[in-house]
file run_13.csv (CSV, N, CA and C atoms and all ligand atoms)
chain,number,residue,atom,x,y,z
A,1,MET,N,-112.2,-35.5,-45.9
A,1,MET,CA,-112.9,-35.1,-44.6
A,1,MET,C,-112.1,-35.8,-43.4
A,2,LYS,N,-111.7,-34.9,-42.4
A,2,LYS,CA,-110.9,-35.5,-41.4
A,2,LYS,C,-111.1,-34.7,-40.1
A,3,ALA,N,-110.5,-35.2,-39.0
A,3,ALA,CA,-110.4,-34.5,-37.7
A,3,ALA,C,-109.0,-34.1,-37.5
A,4,ASP,N,-108.7,-32.9,-37.1
A,4,ASP,CA,-107.4,-32.5,-36.9
A,4,ASP,C,-107.3,-31.4,-35.9
A,5,THR,N,-106.4,-31.6,-34.9
A,5,THR,CA,-106.3,-30.6,-33.8
A,5,THR,C,-105.9,-29.2,-34.3
A,6,TYR,N,-105.1,-29.2,-35.4
A,6,TYR,CA,-104.6,-27.9,-35.9
A,6,TYR,C,-105.2,-27.5,-37.2
A,7,GLY,N,-106.3,-28.2,-37.6
A,7,GLY,CA,-106.9,-28.0,-38.9
A,7,GLY,C,-107.8,-26.8,-39.0
A,8,THR,N,-108.7,-26.8,-39.9
A,8,THR,CA,-109.8,-25.8,-40.0
A,8,THR,C,-110.7,-25.8,-38.8
A,9,PRO,N,-111.5,-24.8,-38.5
A,9,PRO,CA,-112.4,-24.9,-37.4
A,9,PRO,C,-113.3,-26.1,-37.4
A,10,THR,N,-113.7,-26.6,-38.5
A,10,THR,CA,-114.5,-27.8,-38.6
A,10,THR,C,-113.7,-29.0,-38.2
A,11,GLU,N,-112.5,-29.1,-38.8
A,11,GLU,CA,-111.6,-30.2,-38.4
A,11,GLU,C,-111.3,-30.2,-36.9
A,12,GLN,N,-111.1,-29.1,-36.4
A,12,GLN,CA,-110.8,-29.0,-34.9
A,12,GLN,C,-112.1,-29.4,-34.1
A,13,ALA,N,-113.3,-29.0,-34.6
A,13,ALA,CA,-114.5,-29.4,-33.9
A,13,ALA,C,-114.6,-31.0,-34.0
A,14,ARG,N,-114.4,-31.5,-35.1
A,14,ARG,CA,-114.4,-33.0,-35.3
A,14,ARG,C,-113.4,-33.7,-34.3
A,15,HIS,N,-112.2,-33.1,-34.2
A,15,HIS,CA,-111.2,-33.6,-33.3
A,15,HIS,C,-111.7,-33.6,-31.8
A,16,ARG,N,-112.3,-32.5,-31.4
A,16,ARG,CA,-112.8,-32.3,-30.0
A,16,ARG,C,-113.9,-33.4,-29.8
A,17,MET,N,-114.7,-33.7,-30.8
A,17,MET,CA,-115.8,-34.7,-30.7
A,17,MET,C,-115.3,-36.1,-30.8
A,18,GLY,N,-114.0,-36.4,-31.1
A,18,GLY,CA,-113.5,-37.7,-31.2
A,18,GLY,C,-114.0,-38.4,-32.5
A,19,TRP,N,-114.2,-37.6,-33.5
A,19,TRP,CA,-114.7,-38.1,-34.8
A,19,TRP,C,-113.8,-39.0,-35.5
A,20,MET,N,-114.3,-40.1,-36.0
A,20,MET,CA,-113.5,-41.0,-36.9
A,20,MET,C,-114.2,-41.3,-38.2
A,21,SER,N,-113.3,-41.4,-39.2
A,21,SER,CA,-113.9,-41.6,-40.6
A,21,SER,C,-114.5,-43.0,-40.6
A,22,ALA,N,-115.2,-43.3,-41.7
A,22,ALA,CA,-115.7,-44.7,-41.9
A,22,ALA,C,-114.7,-45.8,-41.8
A,23,THR,N,-113.5,-45.5,-42.4
A,23,THR,CA,-112.4,-46.5,-42.4
A,23,THR,C,-111.9,-46.7,-41.0
A,24,GLU,N,-111.7,-45.6,-40.2
A,24,GLU,CA,-111.2,-45.7,-38.9
A,24,GLU,C,-112.3,-46.4,-38.0
A,25,ARG,N,-113.5,-46.1,-38.2
A,25,ARG,CA,-114.6,-46.7,-37.4
A,25,ARG,C,-114.6,-48.2,-37.6
A,26,LYS,N,-114.5,-48.6,-38.9
A,26,LYS,CA,-114.5,-50.1,-39.2
A,26,LYS,C,-113.3,-50.8,-38.5
A,27,LYS,N,-112.2,-50.1,-38.6
A,27,LYS,CA,-111.0,-50.7,-38.0
A,27,LYS,C,-111.1,-50.8,-36.5
A,28,ASP,N,-111.9,-49.9,-35.9
A,28,ASP,CA,-112.1,-49.8,-34.5
A,28,ASP,C,-113.2,-50.8,-34.0
A,29,GLY,N,-113.9,-51.4,-35.0
A,29,GLY,CA,-114.9,-52.4,-34.7
A,29,GLY,C,-116.2,-51.8,-34.1
A,30,ARG,N,-116.4,-50.5,-34.4
A,30,ARG,CA,-117.6,-49.8,-33.8
A,30,ARG,C,-118.8,-50.0,-34.8
A,31,HIS,N,-120.0,-50.4,-34.2
A,31,HIS,CA,-121.1,-50.5,-35.0
A,31,HIS,C,-122.0,-49.3,-35.1
A,32,ALA,N,-121.9,-48.4,-34.1
A,32,ALA,CA,-122.6,-47.2,-34.1
A,32,ALA,C,-122.1,-46.3,-35.2
A,33,ARG,N,-122.9,-45.6,-35.9
A,33,ARG,CA,-122.5,-44.7,-37.0
A,33,ARG,C,-123.4,-43.5,-37.1
A,34,CYS,N,-122.9,-42.5,-37.8
A,34,CYS,CA,-123.6,-41.2,-37.8
A,34,CYS,C,-125.0,-41.4,-38.3
A,35,ALA,N,-125.3,-42.3,-39.3
A,35,ALA,CA,-126.6,-42.5,-39.8
A,35,ALA,C,-127.7,-42.8,-38.8
A,36,THR,N,-127.2,-43.4,-37.7
A,36,THR,CA,-128.2,-43.8,-36.6
A,36,THR,C,-128.2,-42.9,-35.4
A,37,CYS,N,-127.4,-41.8,-35.6
A,37,CYS,CA,-127.3,-40.8,-34.4
A,37,CYS,C,-128.4,-39.8,-34.5
A,38,ARG,N,-128.8,-39.3,-33.3
A,38,ARG,CA,-129.8,-38.3,-33.3
A,38,ARG,C,-129.4,-37.0,-33.9
A,39,CYS,N,-128.1,-36.7,-33.9
A,39,CYS,CA,-127.7,-35.4,-34.5
A,39,CYS,C,-127.5,-35.4,-36.0
A,40,PHE,N,-127.7,-36.6,-36.6
A,40,PHE,CA,-127.4,-36.7,-38.1
A,40,PHE,C,-128.6,-36.1,-38.8
A,41,HIS,N,-128.4,-35.3,-39.9
A,41,HIS,CA,-129.5,-34.9,-40.7
A,41,HIS,C,-128.9,-34.6,-42.1
A,42,TRP,N,-129.9,-34.6,-43.1
A,42,TRP,CA,-129.5,-34.3,-44.5
A,42,TRP,C,-129.8,-32.8,-44.7
A,43,GLU,N,-128.9,-32.1,-45.3
A,43,GLU,CA,-129.1,-30.7,-45.7
A,43,GLU,C,-129.3,-30.6,-47.2
A,44,THR,N,-130.3,-29.9,-47.6
A,44,THR,CA,-130.6,-29.7,-49.1
A,44,THR,C,-129.8,-28.5,-49.5
A,45,VAL,N,-129.1,-28.6,-50.6
A,45,VAL,CA,-128.3,-27.5,-51.1
A,45,VAL,C,-128.6,-27.4,-52.6
A,46,THR,N,-128.5,-26.2,-53.2
A,46,THR,CA,-128.7,-26.1,-54.6
A,46,THR,C,-127.3,-26.2,-55.2
A,47,ASN,N,-127.2,-26.9,-56.3
A,47,ASN,CA,-125.9,-27.0,-57.0
A,47,ASN,C,-125.8,-26.0,-58.1
A,48,GLY,N,-124.7,-25.9,-58.8
A,48,GLY,CA,-124.4,-24.9,-59.8
A,48,GLY,C,-125.3,-24.9,-61.0
A,49,TRP,N,-126.1,-26.0,-61.2
A,49,TRP,CA,-126.9,-26.2,-62.4
A,49,TRP,C,-128.4,-26.0,-62.1
A,50,GLY,N,-128.7,-25.4,-60.9
A,50,GLY,CA,-130.1,-25.2,-60.5
A,50,GLY,C,-130.8,-26.4,-59.9
A,51,GLY,N,-130.1,-27.5,-59.8
A,51,GLY,CA,-130.6,-28.7,-59.2
A,51,GLY,C,-130.4,-28.7,-57.7
A,52,MET,N,-130.8,-29.8,-57.0
A,52,MET,CA,-130.7,-29.9,-55.6
A,52,MET,C,-129.8,-31.1,-55.3
A,53,ASN,N,-129.0,-30.9,-54.3
A,53,ASN,CA,-128.2,-32.0,-53.7
A,53,ASN,C,-128.4,-32.1,-52.3
A,54,VAL,N,-128.2,-33.3,-51.7
A,54,VAL,CA,-128.2,-33.4,-50.2
A,54,VAL,C,-126.8,-33.7,-49.7
A,55,LYS,N,-126.6,-33.1,-48.5
A,55,LYS,CA,-125.3,-33.3,-47.8
A,55,LYS,C,-125.5,-33.9,-46.4
A,56,ALA,N,-124.7,-34.8,-46.0
A,56,ALA,CA,-124.8,-35.4,-44.7
A,56,ALA,C,-124.2,-34.4,-43.7
A,57,ARG,N,-125.0,-34.1,-42.6
A,57,ARG,CA,-124.5,-33.1,-41.7
A,57,ARG,C,-124.6,-33.6,-40.2
A,58,CYS,N,-123.7,-33.1,-39.4
A,58,CYS,CA,-123.8,-33.4,-37.9
A,58,CYS,C,-124.3,-32.1,-37.3
A,59,GLY,N,-125.4,-32.2,-36.6
A,59,GLY,CA,-126.0,-31.0,-35.9
A,59,GLY,C,-125.7,-31.0,-34.4
A,60,HIS,N,-124.7,-31.7,-33.9
A,60,HIS,CA,-124.4,-31.7,-32.5
A,60,HIS,C,-124.1,-30.3,-32.0
A,61,PRO,N,-124.4,-29.9,-30.8
A,61,PRO,CA,-124.0,-28.6,-30.3
A,61,PRO,C,-122.5,-28.3,-30.4
A,62,MET,N,-121.7,-29.3,-30.3
A,62,MET,CA,-120.2,-29.0,-30.4
A,62,MET,C,-119.7,-28.9,-31.9
A,63,ALA,N,-120.6,-29.2,-32.8
A,63,ALA,CA,-120.2,-29.1,-34.2
A,63,ALA,C,-120.0,-27.6,-34.6
A,64,ALA,N,-119.1,-27.4,-35.6
A,64,ALA,CA,-118.8,-26.1,-36.1
A,64,ALA,C,-120.0,-25.7,-37.1
A,65,GLY,N,-120.1,-24.4,-37.3
A,65,GLY,CA,-121.0,-23.8,-38.3
A,65,GLY,C,-122.4,-23.7,-37.7
A,66,GLU,N,-123.2,-22.9,-38.4
A,66,GLU,CA,-124.6,-22.6,-38.0
A,66,GLU,C,-125.5,-23.8,-38.0
A,67,THR,N,-125.4,-24.6,-39.1
A,67,THR,CA,-126.2,-25.8,-39.2
A,67,THR,C,-125.4,-27.0,-38.9
A,68,GLY,N,-124.3,-26.9,-38.2
A,68,GLY,CA,-123.5,-28.1,-38.0
A,68,GLY,C,-122.4,-28.2,-39.1
A,69,HIS,N,-121.7,-29.3,-39.1
A,69,HIS,CA,-120.7,-29.5,-40.1
A,69,HIS,C,-120.8,-30.8,-40.8
A,70,ALA,N,-120.1,-31.0,-41.9
A,70,ALA,CA,-120.2,-32.2,-42.7
A,70,ALA,C,-119.7,-33.4,-42.0
A,71,THR,N,-120.4,-34.5,-42.3
A,71,THR,CA,-119.9,-35.8,-41.8
A,71,THR,C,-120.4,-36.8,-42.9
A,72,THR,N,-120.2,-38.1,-42.7
A,72,THR,CA,-120.7,-39.1,-43.6
A,72,THR,C,-121.6,-40.1,-42.8
A,73,GLU,N,-122.4,-40.8,-43.6
A,73,GLU,CA,-123.3,-41.8,-42.9
A,73,GLU,C,-122.5,-42.8,-42.1
A,74,ASN,N,-121.3,-43.2,-42.6
A,74,ASN,CA,-120.6,-44.3,-42.0
A,74,ASN,C,-119.5,-43.9,-41.0
A,75,ALA,N,-119.4,-42.5,-40.8
A,75,ALA,CA,-118.4,-42.1,-39.8
A,75,ALA,C,-119.1,-42.2,-38.4
A,76,VAL,N,-118.4,-41.8,-37.3
A,76,VAL,CA,-119.0,-41.8,-36.0
A,76,VAL,C,-118.1,-40.9,-35.1
A,77,CYS,N,-118.6,-40.5,-33.9
A,77,CYS,CA,-117.8,-39.8,-33.0
A,77,CYS,C,-118.2,-40.2,-31.6
A,78,ALA,N,-117.4,-39.7,-30.6
A,78,ALA,CA,-117.6,-40.0,-29.2
A,78,ALA,C,-118.9,-39.5,-28.7
A,79,LYS,N,-119.6,-38.6,-29.4
A,79,LYS,CA,-120.9,-38.0,-28.9
A,79,LYS,C,-122.1,-38.7,-29.5
A,80,TRP,N,-121.9,-39.9,-30.1
A,80,TRP,CA,-123.0,-40.6,-30.7
A,80,TRP,C,-124.1,-40.9,-29.7
A,81,GLU,N,-125.4,-40.6,-30.1
A,81,GLU,CA,-126.5,-41.0,-29.3
A,81,GLU,C,-127.6,-41.5,-30.2
A,82,LEU,N,-128.2,-42.6,-29.8
A,82,LEU,CA,-129.2,-43.3,-30.7
A,82,LEU,C,-130.3,-42.3,-31.1
A,83,LYS,N,-130.7,-42.4,-32.3
A,83,LYS,CA,-131.8,-41.6,-32.8
A,83,LYS,C,-133.1,-42.0,-32.1
A,84,PRO,N,-133.9,-41.1,-31.6
A,84,PRO,CA,-135.1,-41.6,-30.9
A,84,PRO,C,-136.1,-42.2,-31.8
A,101,LIG,S1,-122.7,-36.4,-33.0
A,101,LIG,FE1,-121.1,-37.7,-33.8
A,101,LIG,S2,-122.0,-39.6,-34.3
A,101,LIG,FE2,-123.6,-38.0,-34.2
A,101,LIG,S3,-123.9,-37.3,-36.3
A,101,LIG,FE3,-122.4,-35.9,-35.2
A,101,LIG,S4,-120.4,-36.8,-35.8
A,101,LIG,FE4,-121.9,-38.4,-36.2

call {"tool": "encode", "arguments": {"input": "run_13.csv", "output": "structure tokens", "more": "lines below"}}
Ligand code: SF4
result
Amino acid sequence: MKADTYGTPTEQARHRMGWMSATERKKDGRHARCATCRCFHWETVTNGWGGMNVKARCGHPMAAGETGHATTENAVCAKWELKP
């Protein structure tokens, strides 16, 4: 998972939002993370064996996709806002 100016639409959206991976966030010394952001949510998806999985999603209006795009609990971006 990455942010990339010339990548897939989702990677480009992450780039526009100033998204950084968990490793980049820790290196940058930022304490805010996706898990505490108002745009963060879990999406339930069915897996190939009829079971359910959950995926970490960013639902910010600038995110790609109808229900937002993938992120991780320990990533962050420049659009972070505290969960109410
Ligand atoms: S807006 Fe940024 S900090 Fe918030 S969930 Fe999306 S990617 Fe994470």

call {"tool": "atom_distance", "arguments": {"input": "run_13.csv", "atom1": "CA of Glu73 in chain A", "atom2": "CA of His60 in chain A"}}
result
14.5 Å

call {"tool": "residues_near_ligand", "arguments": {"input": "run_13.csv", "ligand": "ligand LIG 101 (chain A)", "cutoff": "12 Å", "atoms": "only C-alpha atoms and all ligand atoms", "output": "VMD selection string"}}
result
chain A and resid 1 to 3 10 to 11 13 to 22 25 30 to 42 56 to 64 67 to 83

call {"tool": "closest_residue", "arguments": {"input": "run_13.csv", "among": "A:Asp4, A:Lys27, A:Pro9, A:Asn47", "to": "Gly65 in chain A", "atoms": "all atoms listed in the file"}}
result
A:Pro9

call {"tool": "atom_distance", "arguments": {"input": "run_13.csv", "atom1": "atom N of Lys55 in chain A", "atom2": "atom C of Tyr6 in chain A"}}
result
24.8 Å

call {"tool": "atom_distance", "arguments": {"input": "run_13.csv", "atom1": "CA of Thr44 in chain A", "atom2": "CA of Glu66 in chain A"}}
result
14.5 Å

call {"tool": "select_by_dssp", "arguments": {"input": "run_13.csv", "residues": "range 1-63 of chain A", "states": "helix (DSSP H, G or I)", "output": "short mmCIF file (atom, residue, chain, number, x, y, z; two decimals) with N, CA and C atoms, in the coordinates of the input"}}
result
data_model
loop_
_atom_site.label_atom_id
_atom_site.label_comp_id
_atom_site.auth_asym_id
_atom_site.auth_seq_id
_atom_site.Cartn_x
_atom_site.Cartn_y
_atom_site.Cartn_z
N PRO A 9 -111.50 -24.80 -38.50
CA PRO A 9 -112.40 -24.90 -37.40
C PRO A 9 -113.30 -26.10 -37.40
N THR A 10 -113.70 -26.60 -38.50
CA THR A 10 -114.50 -27.80 -38.60
C THR A 10 -113.70 -29.00 -38.20
N GLU A 11 -112.50 -29.10 -38.80
CA GLU A 11 -111.60 -30.20 -38.40
C GLU A 11 -111.30 -30.20 -36.90
N GLN A 12 -111.10 -29.10 -36.40
CA GLN A 12 -110.80 -29.00 -34.90
C GLN A 12 -112.10 -29.40 -34.10
N ALA A 13 -113.30 -29.00 -34.60
CA ALA A 13 -114.50 -29.40 -33.90
C ALA A 13 -114.60 -31.00 -34.00
N ARG A 14 -114.40 -31.50 -35.10
CA ARG A 14 -114.40 -33.00 -35.30
C ARG A 14 -113.40 -33.70 -34.30
N HIS A 15 -112.20 -33.10 -34.20
CA HIS A 15 -111.20 -33.60 -33.30
C HIS A 15 -111.70 -33.60 -31.80
N ARG A 16 -112.30 -32.50 -31.40
CA ARG A 16 -112.80 -32.30 -30.00
C ARG A 16 -113.90 -33.40 -29.80
N ALA A 22 -115.20 -43.30 -41.70
CA ALA A 22 -115.70 -44.70 -41.90
C ALA A 22 -114.70 -45.80 -41.80
N THR A 23 -113.50 -45.50 -42.40
CA THR A 23 -112.40 -46.50 -42.40
C THR A 23 -111.90 -46.70 -41.00
N GLU A 24 -111.70 -45.60 -40.20
CA GLU A 24 -111.20 -45.70 -38.90
C GLU A 24 -112.30 -46.40 -38.00
N ARG A 25 -113.50 -46.10 -38.20
CA ARG A 25 -114.60 -46.70 -37.40
C ARG A 25 -114.60 -48.20 -37.60
N LYS A 26 -114.50 -48.60 -38.90
CA LYS A 26 -114.50 -50.10 -39.20
C LYS A 26 -113.30 -50.80 -38.50
N LYS A 27 -112.20 -50.10 -38.60
CA LYS A 27 -111.00 -50.70 -38.00
C LYS A 27 -111.10 -50.80 -36.50
N ASP A 28 -111.90 -49.90 -35.90
CA ASP A 28 -112.10 -49.80 -34.50
C ASP A 28 -113.20 -50.80 -34.00
N CYS A 34 -122.90 -42.50 -37.80
CA CYS A 34 -123.60 -41.20 -37.80
C CYS A 34 -125.00 -41.40 -38.30
N ALA A 35 -125.30 -42.30 -39.30
CA ALA A 35 -126.60 -42.50 -39.80
C ALA A 35 -127.70 -42.80 -38.80
N THR A 36 -127.20 -43.40 -37.70
CA THR A 36 -128.20 -43.80 -36.60
C THR A 36 -128.20 -42.90 -35.40
#

call {"tool": "select_by_dssp", "arguments": {"input": "run_13.csv", "residues": "chain A", "states": "strand (DSSP E or B)", "output": "list in words"}}
result
Met20, Cys37, Phe40, His41, Trp42, Glu43, Thr44, Val45, Thr46, Met52, Asn53, Val54, Lys55, Ala56, Arg57, Cys58, Glu66, Gly68, His69, Ala70, Val76 and Leu82 of chain A

call {"tool": "axis_aligned_box", "arguments": {"input": "run_13.csv", "around": "range 53-67 of chain A", "padding_each_side": "3 Å", "output": "JSON"}}
result
{"center_x": -123.9, "center_y": -29.0, "center_z": -42.3, "size_x": 16.2, "size_y": 18.8, "size_z": 30.0}
